[in-house]
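Enquirer: What follows is entry37.cif, made up of mmCIF, N, CA, C and O atoms:
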```cif
data_protein
#
loop_
_atom_site.label_atom_id
_atom_site.label_comp_id
_atom_site.auth_asym_id
_atom_site.auth_seq_id
_atom_site.Cartn_x
_atom_site.Cartn_y
_atom_site.Cartn_z
N MET K 260 0.84 -1.18 0.00
CA MET K 260 0.00 0.00 0.00
C MET K 260 0.89 1.25 0.00
O MET K 260 1.90 1.31 0.69
N MET K 261 0.50 2.24 -0.78
CA MET K 261 1.26 3.47 -0.89
C MET K 261 0.74 4.49 0.13
O MET K 261 -0.47 4.63 0.32
N HIS K 262 1.67 5.20 0.78
CA HIS K 262 1.30 6.22 1.76
C HIS K 262 1.82 7.57 1.31
O HIS K 262 2.92 7.67 0.76
N THR K 263 1.05 8.61 1.57
CA THR K 263 1.49 9.96 1.25
C THR K 263 2.46 10.42 2.33
O THR K 263 2.15 10.39 3.51
N THR K 264 3.65 10.83 1.91
CA THR K 264 4.65 11.29 2.87
C THR K 264 4.86 12.79 2.79
O THR K 264 5.42 13.38 3.69
N VAL K 265 4.46 13.39 1.69
CA VAL K 265 4.63 14.83 1.52
C VAL K 265 3.53 15.33 0.60
O VAL K 265 3.02 14.59 -0.24
N GLY K 266 3.14 16.56 0.78
CA GLY K 266 2.14 17.17 -0.10
C GLY K 266 2.63 18.55 -0.53
O GLY K 266 3.34 19.22 0.21
N TRP K 267 2.28 18.92 -1.74
CA TRP K 267 2.64 20.24 -2.25
C TRP K 267 1.36 21.01 -2.52
O TRP K 267 0.39 20.46 -3.02
N HIS K 268 1.40 22.30 -2.25
CA HIS K 268 0.29 23.18 -2.55
C HIS K 268 0.82 24.32 -3.41
O HIS K 268 1.79 24.98 -3.04
N VAL K 269 0.18 24.53 -4.53
CA VAL K 269 0.57 25.61 -5.43
C VAL K 269 -0.37 26.78 -5.19
O VAL K 269 -1.58 26.61 -5.16
N GLU K 270 0.20 27.96 -5.03
CA GLU K 270 -0.60 29.17 -4.90
C GLU K 270 -0.61 29.87 -6.25
O GLU K 270 0.43 30.00 -6.90
N MET K 271 -1.78 30.32 -6.68
CA MET K 271 -1.92 31.05 -7.94
C MET K 271 -2.50 32.42 -7.63
O MET K 271 -3.45 32.54 -6.84
N GLU K 272 -1.94 33.42 -8.26
CA GLU K 272 -2.44 34.78 -8.11
C GLU K 272 -2.60 35.38 -9.50
O GLU K 272 -1.76 35.17 -10.37
N PHE K 273 -3.69 36.13 -9.71
CA PHE K 273 -3.99 36.70 -11.02
C PHE K 273 -4.10 38.21 -10.93
O PHE K 273 -4.62 38.75 -9.96
N MET K 274 -3.60 38.88 -11.97
CA MET K 274 -3.75 40.32 -12.14
C MET K 274 -4.37 40.52 -13.52
O MET K 274 -3.90 39.93 -14.50
N GLU K 275 -5.42 41.33 -13.58
CA GLU K 275 -6.14 41.47 -14.84
C GLU K 275 -6.47 42.92 -15.14
O GLU K 275 -6.68 43.72 -14.24
N ASP K 276 -6.53 43.24 -16.44
CA ASP K 276 -7.15 44.46 -16.91
C ASP K 276 -8.13 44.05 -18.01
O ASP K 276 -8.48 42.88 -18.11
N GLU K 277 -8.57 44.97 -18.83
CA GLU K 277 -9.58 44.65 -19.84
C GLU K 277 -9.10 43.68 -20.92
O GLU K 277 -9.90 42.96 -21.50
N GLU K 278 -7.81 43.66 -21.19
CA GLU K 278 -7.31 42.83 -22.29
C GLU K 278 -6.22 41.84 -21.91
O GLU K 278 -5.85 41.00 -22.73
N HIS K 279 -5.69 41.91 -20.69
CA HIS K 279 -4.56 41.06 -20.31
C HIS K 279 -4.81 40.40 -18.96
O HIS K 279 -5.40 41.01 -18.06
N THR K 280 -4.32 39.19 -18.85
CA THR K 280 -4.33 38.47 -17.58
C THR K 280 -2.92 37.95 -17.32
O THR K 280 -2.29 37.39 -18.22
N ARG K 281 -2.44 38.18 -16.13
CA ARG K 281 -1.15 37.64 -15.71
C ARG K 281 -1.38 36.71 -14.53
O ARG K 281 -2.19 36.99 -13.67
N ALA K 282 -0.63 35.63 -14.51
CA ALA K 282 -0.72 34.66 -13.42
C ALA K 282 0.67 34.43 -12.85
O ALA K 282 1.66 34.43 -13.58
N VAL K 283 0.71 34.25 -11.54
CA VAL K 283 1.94 33.87 -10.86
C VAL K 283 1.63 32.61 -10.08
O VAL K 283 0.66 32.54 -9.32
N ALA K 284 2.45 31.59 -10.29
CA ALA K 284 2.32 30.33 -9.56
C ALA K 284 3.50 30.24 -8.59
O ALA K 284 4.64 30.50 -8.97
N LEU K 285 3.21 29.87 -7.36
CA LEU K 285 4.24 29.75 -6.33
C LEU K 285 4.12 28.39 -5.67
O LEU K 285 3.04 28.00 -5.22
N LEU K 286 5.24 27.68 -5.63
CA LEU K 286 5.30 26.37 -4.97
C LEU K 286 6.36 26.45 -3.89
O LEU K 286 7.52 26.76 -4.17
N ARG K 287 5.97 26.21 -2.65
CA ARG K 287 6.92 26.13 -1.54
C ARG K 287 7.18 24.65 -1.27
O ARG K 287 6.27 23.90 -0.96
N LEU K 288 8.45 24.27 -1.38
CA LEU K 288 8.83 22.88 -1.20
C LEU K 288 9.17 22.61 0.26
O LEU K 288 9.51 23.53 1.01
N PRO K 289 9.08 21.34 0.68
CA PRO K 289 9.34 21.00 2.08
C PRO K 289 10.72 21.40 2.58
O PRO K 289 10.91 21.61 3.78
N ASP K 290 11.71 21.54 1.68
CA ASP K 290 13.05 21.94 2.11
C ASP K 290 13.17 23.46 2.32
O ASP K 290 14.24 23.97 2.62
N GLY K 291 12.05 24.17 2.14
CA GLY K 291 12.05 25.62 2.35
C GLY K 291 12.28 26.42 1.08
O GLY K 291 12.13 27.64 1.08
N SER K 292 12.67 25.77 0.00
CA SER K 292 12.89 26.49 -1.25
C SER K 292 11.54 26.81 -1.92
O SER K 292 10.52 26.19 -1.63
N GLU K 293 11.57 27.78 -2.78
CA GLU K 293 10.37 28.18 -3.52
C GLU K 293 10.66 28.16 -5.01
O GLU K 293 11.76 28.48 -5.44
N VAL K 294 9.66 27.79 -5.77
CA VAL K 294 9.74 27.85 -7.22
C VAL K 294 8.58 28.73 -7.67
O VAL K 294 7.43 28.51 -7.26
N ARG K 295 8.89 29.74 -8.47
CA ARG K 295 7.89 30.70 -8.93
C ARG K 295 7.90 30.74 -10.45
O ARG K 295 8.95 30.65 -11.07
N ALA K 296 6.71 30.87 -11.04
CA ALA K 296 6.60 30.92 -12.50
C ALA K 296 5.47 31.87 -12.89
O ALA K 296 4.58 32.16 -12.08
N HIS K 297 5.52 32.34 -14.13
CA HIS K 297 4.57 33.32 -14.62
C HIS K 297 3.90 32.85 -15.90
O HIS K 297 4.50 32.10 -16.67
N GLY K 298 2.68 33.29 -16.10
CA GLY K 298 1.96 33.03 -17.34
C GLY K 298 1.15 34.25 -17.72
O GLY K 298 0.78 35.06 -16.87
N ARG K 299 0.87 34.39 -19.01
CA ARG K 299 0.13 35.55 -19.51
C ARG K 299 -0.90 35.11 -20.53
O ARG K 299 -0.72 34.12 -21.23
N ALA K 300 -1.95 35.90 -20.64
CA ALA K 300 -2.95 35.71 -21.69
C ALA K 300 -3.41 37.09 -22.14
O ALA K 300 -3.46 38.02 -21.35
N SER K 301 -3.71 37.19 -23.42
CA SER K 301 -4.22 38.44 -23.99
C SER K 301 -5.53 38.16 -24.71
O SER K 301 -5.65 37.16 -25.42
N ARG K 302 -6.47 39.06 -24.53
CA ARG K 302 -7.77 38.93 -25.19
C ARG K 302 -7.74 39.73 -26.48
O ARG K 302 -7.37 40.90 -26.49
N HIS K 303 -8.13 39.10 -27.56
CA HIS K 303 -8.25 39.81 -28.84
C HIS K 303 -9.41 40.79 -28.73
O HIS K 303 -10.44 40.49 -28.10
N HIS K 304 -9.28 41.95 -29.33
CA HIS K 304 -10.30 42.99 -29.19
C HIS K 304 -11.68 42.56 -29.70
O HIS K 304 -12.69 43.10 -29.27
N SER K 305 -11.74 41.58 -30.57
CA SER K 305 -13.04 41.13 -31.07
C SER K 305 -13.68 40.05 -30.19
O SER K 305 -14.84 39.70 -30.38
N ASP K 306 -12.92 39.52 -29.21
CA ASP K 306 -13.46 38.49 -28.30
C ASP K 306 -14.26 39.15 -27.17
O ASP K 306 -13.96 40.27 -26.75
N SER K 307 -15.24 38.42 -26.67
CA SER K 307 -16.00 38.93 -25.53
C SER K 307 -15.12 38.87 -24.28
O SER K 307 -14.18 38.07 -24.19
N ASN K 308 -15.41 39.71 -23.32
CA ASN K 308 -14.64 39.77 -22.08
C ASN K 308 -15.04 38.59 -21.18
O ASN K 308 -16.14 38.58 -20.64
N GLN K 309 -14.15 37.61 -21.05
CA GLN K 309 -14.39 36.42 -20.23
C GLN K 309 -13.19 36.22 -19.30
O GLN K 309 -12.28 35.46 -19.61
N PRO K 310 -13.17 36.90 -18.16
CA PRO K 310 -12.01 36.81 -17.26
C PRO K 310 -11.64 35.38 -16.89
O PRO K 310 -10.46 35.06 -16.76
N LYS K 311 -12.63 34.50 -16.74
CA LYS K 311 -12.35 33.11 -16.36
C LYS K 311 -11.45 32.44 -17.40
O LYS K 311 -10.53 31.70 -17.05
N VAL K 312 -11.71 32.70 -18.68
CA VAL K 312 -10.91 32.09 -19.75
C VAL K 312 -9.47 32.62 -19.69
O VAL K 312 -8.51 31.86 -19.82
N GLY K 313 -9.32 33.92 -19.49
CA GLY K 313 -7.98 34.49 -19.37
C GLY K 313 -7.21 33.89 -18.20
O GLY K 313 -6.02 33.61 -18.30
N GLU K 314 -7.91 33.68 -17.08
CA GLU K 314 -7.28 33.05 -15.91
C GLU K 314 -6.85 31.63 -16.22
O GLU K 314 -5.76 31.19 -15.83
N GLU K 315 -7.71 30.89 -16.91
CA GLU K 315 -7.37 29.50 -17.24
C GLU K 315 -6.14 29.43 -18.15
O GLU K 315 -5.26 28.60 -17.93
N ILE K 316 -6.09 30.30 -19.15
CA ILE K 316 -4.96 30.28 -20.07
C ILE K 316 -3.68 30.74 -19.37
O ILE K 316 -2.64 30.07 -19.44
N ALA K 317 -3.75 31.87 -18.68
CA ALA K 317 -2.56 32.38 -17.98
C ALA K 317 -2.12 31.41 -16.89
O ALA K 317 -0.92 31.16 -16.70
N GLY K 318 -3.09 30.81 -16.17
CA GLY K 318 -2.77 29.85 -15.13
C GLY K 318 -2.11 28.60 -15.69
O GLY K 318 -1.14 28.09 -15.14
N ALA K 319 -2.63 28.10 -16.81
CA ALA K 319 -2.03 26.92 -17.44
C ALA K 319 -0.61 27.21 -17.89
O ALA K 319 0.29 26.37 -17.73
N ARG K 320 -0.39 28.39 -18.43
CA ARG K 320 0.96 28.75 -18.87
C ARG K 320 1.91 28.89 -17.68
O ARG K 320 3.07 28.49 -17.78
N ALA K 321 1.43 29.42 -16.58
CA ALA K 321 2.27 29.52 -15.38
C ALA K 321 2.59 28.14 -14.83
O ALA K 321 3.73 27.87 -14.43
N LEU K 322 1.61 27.24 -14.82
CA LEU K 322 1.85 25.89 -14.33
C LEU K 322 2.81 25.13 -15.24
O LEU K 322 3.65 24.35 -14.77
N ASN K 323 2.72 25.36 -16.55
CA ASN K 323 3.65 24.74 -17.49
C ASN K 323 5.07 25.23 -17.21
O ASN K 323 6.02 24.42 -17.17
N GLU K 324 5.23 26.53 -17.01
CA GLU K 324 6.56 27.06 -16.69
C GLU K 324 7.04 26.51 -15.34
O GLU K 324 8.23 26.18 -15.19
N LEU K 325 6.13 26.37 -14.38
CA LEU K 325 6.48 25.82 -13.08
C LEU K 325 7.01 24.39 -13.24
O LEU K 325 8.01 24.01 -12.63
N ALA K 326 6.36 23.60 -14.08
CA ALA K 326 6.82 22.23 -14.34
C ALA K 326 8.22 22.22 -14.92
O ALA K 326 9.08 21.41 -14.50
N MET K 327 8.49 23.11 -15.86
CA MET K 327 9.83 23.18 -16.46
C MET K 327 10.87 23.61 -15.43
O MET K 327 12.00 23.10 -15.42
N GLU K 328 10.51 24.54 -14.55
CA GLU K 328 11.42 24.98 -13.49
C GLU K 328 11.74 23.81 -12.55
O GLU K 328 12.89 23.63 -12.13
N LEU K 329 10.73 23.00 -12.23
CA LEU K 329 10.95 21.85 -11.35
C LEU K 329 11.84 20.81 -12.02
O LEU K 329 12.70 20.20 -11.36
N LEU K 330 11.65 20.57 -13.31
CA LEU K 330 12.51 19.63 -14.03
C LEU K 330 13.96 20.12 -14.04
O LEU K 330 14.89 19.33 -13.84
N THR K 331 14.15 21.40 -14.26
CA THR K 331 15.50 21.97 -14.24
C THR K 331 16.13 21.83 -12.87
O THR K 331 17.29 21.45 -12.72
N LYS K 332 15.35 22.13 -11.82
CA LYS K 332 15.83 22.02 -10.44
C LYS K 332 16.25 20.58 -10.14
O LYS K 332 17.31 20.32 -9.57
N ALA K 333 15.42 19.62 -10.55
CA ALA K 333 15.74 18.21 -10.32
C ALA K 333 17.00 17.80 -11.07
O ALA K 333 17.85 17.08 -10.53
N HIS K 334 17.14 18.28 -12.29
CA HIS K 334 18.32 17.96 -13.10
C HIS K 334 19.59 18.46 -12.42
O HIS K 334 20.59 17.74 -12.33
N VAL K 335 19.55 19.68 -11.93
CA VAL K 335 20.72 20.25 -11.24
C VAL K 335 21.04 19.44 -9.98
O VAL K 335 22.20 19.15 -9.69
N GLU K 336 20.01 19.05 -9.23
CA GLU K 336 20.23 18.28 -8.00
C GLU K 336 20.80 16.89 -8.30
O GLU K 336 21.65 16.39 -7.55
N ILE K 337 20.37 16.28 -9.39
CA ILE K 337 20.92 14.98 -9.79
C ILE K 337 22.41 15.14 -10.10
O ILE K 337 23.24 14.34 -9.65
N ASP K 338 22.75 16.18 -10.87
CA ASP K 338 24.15 16.42 -11.22
C ASP K 338 25.00 16.69 -9.99
O ASP K 338 26.12 16.18 -9.87
N GLN K 339 24.48 17.49 -9.07
CA GLN K 339 25.24 17.81 -7.86
C GLN K 339 25.46 16.57 -7.00
O GLN K 339 26.54 16.36 -6.46
N ALA K 340 24.45 15.74 -6.87
CA ALA K 340 24.56 14.54 -6.04
C ALA K 340 25.47 13.49 -6.66
O ALA K 340 26.19 12.78 -5.94
N SER K 341 25.48 13.41 -7.99
CA SER K 341 26.26 12.36 -8.65
C SER K 341 27.66 12.82 -9.02
O SER K 341 28.52 11.99 -9.30
N GLY K 342 27.88 14.13 -9.08
CA GLY K 342 29.18 14.65 -9.47
C GLY K 342 29.47 14.53 -10.96
O GLY K 342 30.61 14.60 -11.38
N ARG K 343 28.44 14.30 -11.75
CA ARG K 343 28.60 14.19 -13.18
C ARG K 343 27.44 14.89 -13.89
O ARG K 343 26.46 15.22 -13.27
N THR K 344 27.58 15.06 -15.17
CA THR K 344 26.50 15.66 -15.96
C THR K 344 25.57 14.55 -16.42
O THR K 344 26.00 13.62 -17.09
N SER K 345 24.32 14.67 -16.06
CA SER K 345 23.35 13.64 -16.41
C SER K 345 22.66 14.00 -17.72
O SER K 345 22.82 15.10 -18.25
N HIS K 346 21.89 13.07 -18.23
CA HIS K 346 21.13 13.30 -19.45
C HIS K 346 19.99 14.26 -19.14
O HIS K 346 19.42 14.21 -18.04
N PRO K 347 19.64 15.12 -20.07
CA PRO K 347 18.52 16.05 -19.83
C PRO K 347 17.23 15.30 -19.51
O PRO K 347 16.99 14.21 -20.02
N ILE K 348 16.42 15.91 -18.69
CA ILE K 348 15.11 15.36 -18.35
C ILE K 348 14.11 15.95 -19.31
O ILE K 348 13.99 17.16 -19.43
N HIS K 349 13.41 15.10 -20.06
CA HIS K 349 12.43 15.57 -21.04
C HIS K 349 11.02 15.37 -20.51
O HIS K 349 10.76 14.47 -19.74
N VAL K 350 10.15 16.20 -21.00
CA VAL K 350 8.73 16.09 -20.62
C VAL K 350 8.07 15.08 -21.51
O VAL K 350 8.30 14.98 -22.66
#
```
Would you kindly transcribe this structure into structure tokens?
Expert:
Amino acid sequence: MMHTTVGWHVEMEFMEDEEHTRAVALLRLPDGSEVRAHGRASRHHSDSNQPKVGEEIAGARALNELAMELLTKAHVEIDQASGRTSHPIHV
């Protein structure tokens, strides 16, 4: 049986105006380090104003960047622990 030993919570914050949405994703890891990422969305002037859609797009882009930041962090930690250059981690 598998047991949960650690949990992560991602905080998302959004800033919006009439045509732009910005998202910031913040992950605090159990070792005290933080990983932060950003995402953006722009509304075309002919589209209706749907803030929820802008949040979803900007949030998804921030989470995607957060994933890439975590992969890079893991890659660096593997190299540091092994004392050699490891193969890149691909998504």
Enquirer: Go through the shown structure with the PyMOL selection byres ((chain K and resi 296) around 5) and write out the matching residues as a VMD selection string.
Expert: chain K and resid 282 to 284 294 to 295 297 to 298 321 325
Enquirer: Selection in question (the file shown): the PyMOL selection byres (((chain K and resi 343-349 and name CA) around 7) and name CA). Which residues does it include, as an NGL selection string?
Expert: :K and (330 or 334 or 338 or 341-342 or 350)
Enquirer: Atom CA of K:Ser292 to atom CA of K:Gly313: how many Å, to one decimal?
Expert: 28.8 Å
Enquirer: So that I can see what lies close to K:Arg299, please list as a ChimeraX atom specification the residues with an atom at most 7 Å from it, counting all atoms listed in the file and leaving out residues fewer than 3 positions away in the same chain.
Expert: /K:279-282,313,316-318,320-321
Enquirer: When DSSP is applied to the backbone of this structure, which of chain K are assigned helix (DSSP H, G or I)? Write them out as a ChimeraX atom specification.
Expert: /K:310-341
Enquirer: Would you work out the distance separating atom O of K:Asp290 from atom O of K:Gly266, expressed in Å to one decimal?
Expert: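 These atoms are spaced 12.1 Å apart.
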Enquirer: Would you compute the distance between atom CA of K:Asp306 and atom N of K:Glu270? Give it in Å to one decimal.
Expert: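 Separating atom CA of K:Asp306 from atom N of K:Glu270 is a distance of 29.0 Å.
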Enquirer: For the structure I just gave you, how does DSSP split stretch 265-350 of chain K - specifically, which residues are strand (DSSP E or B)? Reply as a compact mmCIF listing (two decimals) with N, CA, C and O atoms, in the coordinates of the input.
Expert:
```txt
# COMPACT_ATOMS: atom_id res chain seq x y z
N VAL K 269 0.18 24.53 -4.53
CA VAL K 269 0.57 25.61 -5.43
C VAL K 269 -0.37 26.78 -5.19
O VAL K 269 -1.58 26.61 -5.16
N GLU K 270 0.20 27.96 -5.03
CA GLU K 270 -0.60 29.17 -4.90
C GLU K 270 -0.61 29.87 -6.25
O GLU K 270 0.43 30.00 -6.90
N MET K 271 -1.78 30.32 -6.68
CA MET K 271 -1.92 31.05 -7.94
C MET K 271 -2.50 32.42 -7.63
O MET K 271 -3.45 32.54 -6.84
N GLU K 272 -1.94 33.42 -8.26
CA GLU K 272 -2.44 34.78 -8.11
C GLU K 272 -2.60 35.38 -9.50
O GLU K 272 -1.76 35.17 -10.37
N PHE K 273 -3.69 36.13 -9.71
CA PHE K 273 -3.99 36.70 -11.02
C PHE K 273 -4.10 38.21 -10.93
O PHE K 273 -4.62 38.75 -9.96
N MET K 274 -3.60 38.88 -11.97
CA MET K 274 -3.75 40.32 -12.14
C MET K 274 -4.37 40.52 -13.52
O MET K 274 -3.90 39.93 -14.50
N GLU K 275 -5.42 41.33 -13.58
CA GLU K 275 -6.14 41.47 -14.84
C GLU K 275 -6.47 42.92 -15.14
O GLU K 275 -6.68 43.72 -14.24
N HIS K 279 -5.69 41.91 -20.69
CA HIS K 279 -4.56 41.06 -20.31
C HIS K 279 -4.81 40.40 -18.96
O HIS K 279 -5.40 41.01 -18.06
N THR K 280 -4.32 39.19 -18.85
CA THR K 280 -4.33 38.47 -17.58
C THR K 280 -2.92 37.95 -17.32
O THR K 280 -2.29 37.39 -18.22
N ARG K 281 -2.44 38.18 -16.13
CA ARG K 281 -1.15 37.64 -15.71
C ARG K 281 -1.38 36.71 -14.53
O ARG K 281 -2.19 36.99 -13.67
N ALA K 282 -0.63 35.63 -14.51
CA ALA K 282 -0.72 34.66 -13.42
C ALA K 282 0.67 34.43 -12.85
O ALA K 282 1.66 34.43 -13.58
N VAL K 283 0.71 34.25 -11.54
CA VAL K 283 1.94 33.87 -10.86
C VAL K 283 1.63 32.61 -10.08
O VAL K 283 0.66 32.54 -9.32
N ALA K 284 2.45 31.59 -10.29
CA ALA K 284 2.32 30.33 -9.56
C ALA K 284 3.50 30.24 -8.59
O ALA K 284 4.64 30.50 -8.97
N LEU K 285 3.21 29.87 -7.36
CA LEU K 285 4.24 29.75 -6.33
C LEU K 285 4.12 28.39 -5.67
O LEU K 285 3.04 28.00 -5.22
N LEU K 286 5.24 27.68 -5.63
CA LEU K 286 5.30 26.37 -4.97
C LEU K 286 6.36 26.45 -3.89
O LEU K 286 7.52 26.76 -4.17
N ARG K 287 5.97 26.21 -2.65
CA ARG K 287 6.92 26.13 -1.54
C ARG K 287 7.18 24.65 -1.27
O ARG K 287 6.27 23.90 -0.96
N GLU K 293 11.57 27.78 -2.78
CA GLU K 293 10.37 28.18 -3.52
C GLU K 293 10.66 28.16 -5.01
O GLU K 293 11.76 28.48 -5.44
N VAL K 294 9.66 27.79 -5.77
CA VAL K 294 9.74 27.85 -7.22
C VAL K 294 8.58 28.73 -7.67
O VAL K 294 7.43 28.51 -7.26
N ARG K 295 8.89 29.74 -8.47
CA ARG K 295 7.89 30.70 -8.93
C ARG K 295 7.90 30.74 -10.45
O ARG K 295 8.95 30.65 -11.07
N ALA K 296 6.71 30.87 -11.04
CA ALA K 296 6.60 30.92 -12.50
C ALA K 296 5.47 31.87 -12.89
O ALA K 296 4.58 32.16 -12.08
N HIS K 297 5.52 32.34 -14.13
CA HIS K 297 4.57 33.32 -14.62
C HIS K 297 3.90 32.85 -15.90
O HIS K 297 4.50 32.10 -16.67
N GLY K 298 2.68 33.29 -16.10
CA GLY K 298 1.96 33.03 -17.34
C GLY K 298 1.15 34.25 -17.72
O GLY K 298 0.78 35.06 -16.87
N ARG K 299 0.87 34.39 -19.01
CA ARG K 299 0.13 35.55 -19.51
C ARG K 299 -0.90 35.11 -20.53
O ARG K 299 -0.72 34.12 -21.23
N ALA K 300 -1.95 35.90 -20.64
CA ALA K 300 -2.95 35.71 -21.69
C ALA K 300 -3.41 37.09 -22.14
O ALA K 300 -3.46 38.02 -21.35
N SER K 301 -3.71 37.19 -23.42
CA SER K 301 -4.22 38.44 -23.99
C SER K 301 -5.53 38.16 -24.71
O SER K 301 -5.65 37.16 -25.42
```
Enquirer: Where's the centre, and what are the edge lengths in Å to one decimal, of a box along x, y and z enclosing all listed atoms of stretch 305-309 of chain K padded 6 Å per side, as AutoDock Vina command-line options?
Expert:
```
--center_x -13.9 --center_y 38.5 --center_z -25.2 --size_x 16.4 --size_y 18.1 --size_z 23.8
```
Enquirer: Return the single residue from K:Leu285, K:His262, K:Glu278, K:Trp267 that is closest to K:Pro310, with distances computed using only C-alpha atoms.
Expert: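 Closest residue, counting only C-alpha atoms: K:Glu278.
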